[in-house]
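Have a look at the structure below, then the notes.
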Amino acid sequence: MSLRILLIGNGGREHALAWKLSQSPKVESIIAVPGNGGTAGLPKVTNNTSVAADDYPALVELALKERINLVVPGPEAPLVDGVEGYFRDVRIPVFGPSKEAARMEGSKTFSKDFMKKHNIPTAAYENFSDYARASEYLKSVKHNVVIKATGLAAGKGVIIPETQEEAQQGLKEIMLDNAFGSAGDEVVIEEFLTGDELSILSFCDGKTIKSLPPAQDHKRIGEGDTGLNTGGMGCYAPTKIATPELIARIEKEILQPTIDGMAADGFPFKGCLFTGLMIGPDGSPKVLEYNVRFGDPETQTVLPLLESDLADIMGACAGEFPLLEHVPVKVSNQFSATVVVAAPGYPNSYPKNIPMEVAAPSDSTINIFHAGTKLSDNKLSTSGGRVIAAQAVGPSLRAAVDKAYTSGIPLINFEGMYFRKDIAHRAFRPSAATEKLTYAQSGVSIDAGNSLVERIKKAVSTTRRPGADAIIGGFGGEVDLSQAGHPNAPIIVGAIDGVGTKLIIAQKMNKHDTVGIDLVAMNVNDLVVQGAEPFMFLDYYGCSKLDVNVAASFVEGVAEGCKLSGCALVGGETAEMPDLYTGDDYDAAGAAIGVMKAEQRLPRKSDMVPGDVLIGLGSSGVHSNGFSLVRKVVDKRGVRYTDSCPWEEGKTVGEALLTPTKIYVKSLLNVLEKEQGAVKGMAHITGGGLTENVPRMLPDELAAEIEVGSWEVPGVFRWLRESVEPKEMARTFNNGVGMVLAVEEGRVEGVKKVLEESGEKVWVIGRLKSKEAGEEGCVLKGLEAWAA
């Protein structure tokens, strides 16, 4: 069915909506009432000034005459007035909420009470309709406050006082001087929240909610967020602070409970829900406000990132039955920035009818969205305070912002034009980019893991039996079958491990085969360092809901890892546990079993002497350890997994990070056979990095001395070093060395030759030395160079 749309409004938001809707092949025509100078020039769009935007019976009459079959109110006022009901009475769908649902914006008191009822996190607050009581309350509170006119005030009915005097004066202006008219008959005084603001625009059909990229507005008129509040001087999206984990938390704790609560209370929400949030210093989100329509200038910022058909989405939300669940909302992986240009004097009194010249962009990634403009006799002039905006899309936030300023703003010209020159400045704060991270800050404690091993050693030792000493802390566990009642049988070695939070990246990239290889690699590499040849593997796959394609891709990766290591995949377990996992989450673990003869057992600690040479084998990247810290770095630096990789050309960040763990089994078994006795010990560099893993193969009296500049470091580690302290790098990541061998000094060249012929990158990285009292088991010389 062809859509004939009635669009109500005349701002930048409405220009952006008309621009996006006109691109839909399903849209036949759009009537904008009254529209502006920008909508006048769009294909399929006609401005209509014969009817007032607030004359709802006349709008209905126009809609029936023009055979309109979808109404899109832009501003909040018509929705709060109940425009949806006028059109519902004549069976014309409206993309917007009912009058009852619009109270979420129309009354701050109503929305705060709603949040309290449904346990939605927000600032502490009190409602007042009596000026004297409100004034006394202000005198009693010790914390900073925000004073909000409860009714509609065109986005300006908020005062953020810095002193008690400012608070009292602001309250007087709202409640006694009627600065915002009847909107100030009642006020909400709430706790002033600190942190970073975030705006999320969500499509809703009364049941399902799907959101656009999180955006950050700039309300203050002056640079550095100073001066008076405005309707918004600029915006960018997606925001740096909105990590995938934070977005998931917001959806779970705020957005879905809001939609569910409105439905339960008898006024389901249809349309676009704008949720203004404050992200506190501890990362906790709280609701600042709800708006029941698209934001401005957020709409101009996020709609250019929407790749799906907006008309399809609106139709799915506005219809008689909720269909949004079945309509894709696909978003570009680019960035967007909008710079608003205002009239001189705004937000105080300002002149109108200033002649304007606006050139057309030559680049399809740049848009000029009109707001306070009008076209008369083909002459463009100003008609409002926020006049027009330059918007640009780019592969990075910096590129988008620079393009908006250097290629968008010069297209606009009128006398006295004003715009902020620091849009997105909060995303470029140097302190956030330069602060170095630790593994503990990502939620993982290596020390706690070591403490657990020490604590459970006693309990484990009670399971001792013939052939098994039940001592933990090595790379794998052994059972000597010849001592366990099976004469002439070999030693069986077992290893068990998982992939860790690298799985989260696999889920985000929808690429699951490589982590299957990782699972095998983590286990078989632990076996081979003990001298064992892996011969069998078993896997475990747990999920909330079994997705056959995902699980099959994962197991195919496991099979590939088994082939690379020469062992058989002999069994596994798949478990669906919806109460334990959520959404698309899954976890995996595996166990490898290997075999060896007693004379093949490693490490041979009693044979090690000072001067033995340490050989490092190159890694393929991060492998499968430290990904909680990797993800923290990615989030902190505002990088997305779909962005172009800064350290590996031709790949995205996610693709590069999913490079599978290198499997060393065949190379090491080959060198153990051809250079028998030369290798005295091997260490698989996994969680704990060089610092923790190399000492695991050494006797107590020896330490490893390693020159950190002696091997080739993959680009991913140089990139991570910009955000992680050198000591944390050393005790978290392999840093380019996935395996370390302790080799007899006179046989180094023979060992290197065999390994290089097997395709390994090999470096001499250090030596063993006598360990001095109190000295660490692994001494990294030149570590300070990693801080550069």
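Here, A, B, ... name the chains of the structure tokens in the order displayed, residue numbers run from 1 inside each chain, and ligands are numbered from 1 in the same displayed order.
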
Would you give me, as CSV, each residue of segment 140-249 of chain A having an atom within 7 Å of an atom of segment 302-324 of chain A, along with its shortest atom pair and that distance in Å to one decimal, using only C-alpha atoms and sorting by chain and residue number?
```
residue,atom,partner,partner_atom,distance
A:Cys204,CA,A:Cys317,CA,6.0
A:Asp205,CA,A:Cys317,CA,4.0
A:Gly206,CA,A:Pro322,CA,6.7
A:Lys207,CA,A:Pro322,CA,6.8
A:Thr208,CA,A:Leu324,CA,6.3
A:Leu212,CA,A:Val302,CA,6.8
A:Pro213,CA,A:Val302,CA,6.6
A:Ala237,CA,A:Val302,CA,6.6
```

Taking only residues of segment 613-652 of chain A that have an atom at most 12 Å from an atom of segment 681-699 of chain A, what is each one's shortest atom pair and its distance in Å to one decimal, using only C-alpha atoms, in chain and number order, as a tab-separated table?
```
residue	atom	partner	partner_atom	distance
A:Val613	CA	A:Gly681	CA	10.7
A:Leu614	CA	A:Met682	CA	9.4
A:Ile615	CA	A:Met682	CA	9.4
A:Gly616	CA	A:Ala683	CA	9.7
A:Leu617	CA	A:His684	CA	9.9
A:Gly618	CA	A:Ile685	CA	10.7
A:Ser619	CA	A:Ile685	CA	9.3
A:Gly621	CA	A:Thr686	CA	11.7
A:Val622	CA	A:Thr686	CA	9.4
A:His623	CA	A:Thr686	CA	8.0
A:Ser624	CA	A:Thr686	CA	7.5
A:Asn625	CA	A:Gly687	CA	5.2
A:Gly626	CA	A:Gly687	CA	6.6
A:Phe627	CA	A:Gly687	CA	10.0
A:Ser628	CA	A:Gly687	CA	11.3
A:Leu629	CA	A:Gly687	CA	11.6
```

Can you list every residue of segment 239-317 of chain A that has an atom at most 12 Å from segment 95-102 of chain A, with its nearest atom pair and the distance in Å to one decimal, using only C-alpha atoms, ordered by chain then number, as a Markdown table?
```
| residue | atom | partner | partner_atom | distance |
| --- | --- | --- | --- | --- |
| A:Thr258 | CA | A:Ala101 | CA | 11.2 |
| A:Ile259 | CA | A:Ala101 | CA | 10.3 |
| A:Gly261 | CA | A:Ala101 | CA | 11.0 |
| A:Met262 | CA | A:Ala101 | CA | 7.4 |
| A:Ala263 | CA | A:Ala101 | CA | 9.4 |
| A:Ala264 | CA | A:Ala101 | CA | 11.8 |
| A:Asp265 | CA | A:Ala101 | CA | 9.7 |
| A:Gly266 | CA | A:Glu100 | CA | 8.8 |
| A:Phe267 | CA | A:Ala101 | CA | 5.3 |
| A:Pro268 | CA | A:Ala101 | CA | 6.8 |
| A:Phe269 | CA | A:Pro97 | CA | 5.5 |
| A:Lys270 | CA | A:Pro97 | CA | 4.9 |
| A:Gly271 | CA | A:Gly96 | CA | 4.1 |
| A:Cys272 | CA | A:Gly96 | CA | 6.8 |
| A:Leu273 | CA | A:Gly96 | CA | 9.0 |
| A:Phe274 | CA | A:Ala102 | CA | 11.5 |
| A:Tyr290 | CA | A:Ala102 | CA | 9.5 |
| A:Asn291 | CA | A:Ala102 | CA | 8.2 |
| A:Val292 | CA | A:Ala102 | CA | 5.9 |
| A:Arg293 | CA | A:Gly96 | CA | 7.1 |
| A:Phe294 | CA | A:Gly96 | CA | 9.8 |
| A:Leu310 | CA | A:Phe95 | CA | 11.2 |
| A:Ala311 | CA | A:Phe95 | CA | 10.1 |
| A:Asp312 | CA | A:Phe95 | CA | 11.4 |
| A:Ile313 | CA | A:Phe95 | CA | 9.7 |
| A:Met314 | CA | A:Phe95 | CA | 6.0 |
| A:Gly315 | CA | A:Phe95 | CA | 7.5 |
| A:Ala316 | CA | A:Phe95 | CA | 9.3 |
| A:Cys317 | CA | A:Phe95 | CA | 6.8 |
```

**Report entry** Proximity to Tyr350 of chain A - best of A:Gly372, A:Ile241, A:Glu289, A:Lys379, only C-alpha atoms
**Finding:**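 For Tyr350 of chain A, the nearest of the given residues is A:Gly372.
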
Requested in this report: Choose the residue, out of A:Thr194, A:Asn127, A:Thr732, A:Thr301, that has the smallest atom-to-atom separation from Gly283 of chain A; count only C-alpha atoms.
Outcome: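 Of A:Thr194, A:Asn127, A:Thr732, A:Thr301, the one nearest Gly283 of chain A, counting only C-alpha atoms, is A:Thr194.
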
Requested in this report: Return the single residue from A:Leu481, A:Ala575, A:Ala598, A:Ala678 that is closest to Val751 of chain A, with distances computed using only C-alpha atoms.
Outcome: A:Ala678

Requested in this report: Can you check which residues of segment 253-465 of chain A DSSP gives as helix (DSSP H, G or I) on the backbone and send them as a ChimeraX atom specification?
Outcome: /A:253-264,298-305,310-318,324-326,397-411,425-428,430-434,440-442,446-461

Requested in this report: For each of A:Ala124, A:Leu720, A:Val499, A:Val743, take the minimum atom-to-atom distance to Val679 of chain A, counting only C-alpha atoms, then give the residue where this is smallest.
Outcome: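 For Val679 of chain A, the nearest of the candidates is A:Val743.
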
Report task. Tell me, as a count of residues only, which residues lie within 10 Å of Glu136 of chain A, counting only C-alpha atoms; anything in the same chain fewer than 5 positions away does not count. Result -> 3

Requested in this report: Would you return as number ranges by chain the members of segment 360-427 of chain A that DSSP assigns to strand (DSSP E or B) on this structure's backbone?
Outcome: A: 366-370, 373-376, 379-382, 386-394, 412-413, 418

Query raised in the report: Of the candidates A:Leu669, A:Leu6, A:Val158, A:Val713, which one gets nearest to Phe87 of chain A if we count only C-alpha atoms?
Result: A:Leu6

**Report entry** Asn47 of chain A surroundings by only C-alpha atoms, 6 Å radius, close-in-sequence under 6 positions cut, as a ChimeraX atom specification
**Finding:** /A:31-32,34-35,40

Would you put the residues from that selection into a file with N, CA, C and O atoms, as a compact mmCIF listing (two decimals), in the first residue's frame?
```txt
# COMPACT_ATOMS: atom_id res chain seq x y z
N ILE A 31 2.58 15.62 3.18
CA ILE A 31 2.12 16.99 3.38
C ILE A 31 2.66 17.45 4.73
O ILE A 31 2.38 16.83 5.77
N ALA A 32 3.48 18.52 4.73
CA ALA A 32 4.04 19.06 5.95
C ALA A 32 3.24 20.29 6.36
O ALA A 32 3.08 21.23 5.58
N PRO A 34 3.24 23.14 9.28
CA PRO A 34 3.33 23.98 8.07
C PRO A 34 4.59 23.72 7.26
O PRO A 34 4.72 24.25 6.16
N GLY A 35 5.54 22.93 7.80
CA GLY A 35 6.80 22.72 7.11
C GLY A 35 7.71 23.93 7.25
O GLY A 35 7.42 24.88 7.98
N ALA A 40 10.32 22.31 2.00
CA ALA A 40 9.77 22.80 0.73
C ALA A 40 10.56 22.30 -0.47
O ALA A 40 10.01 22.20 -1.58
```
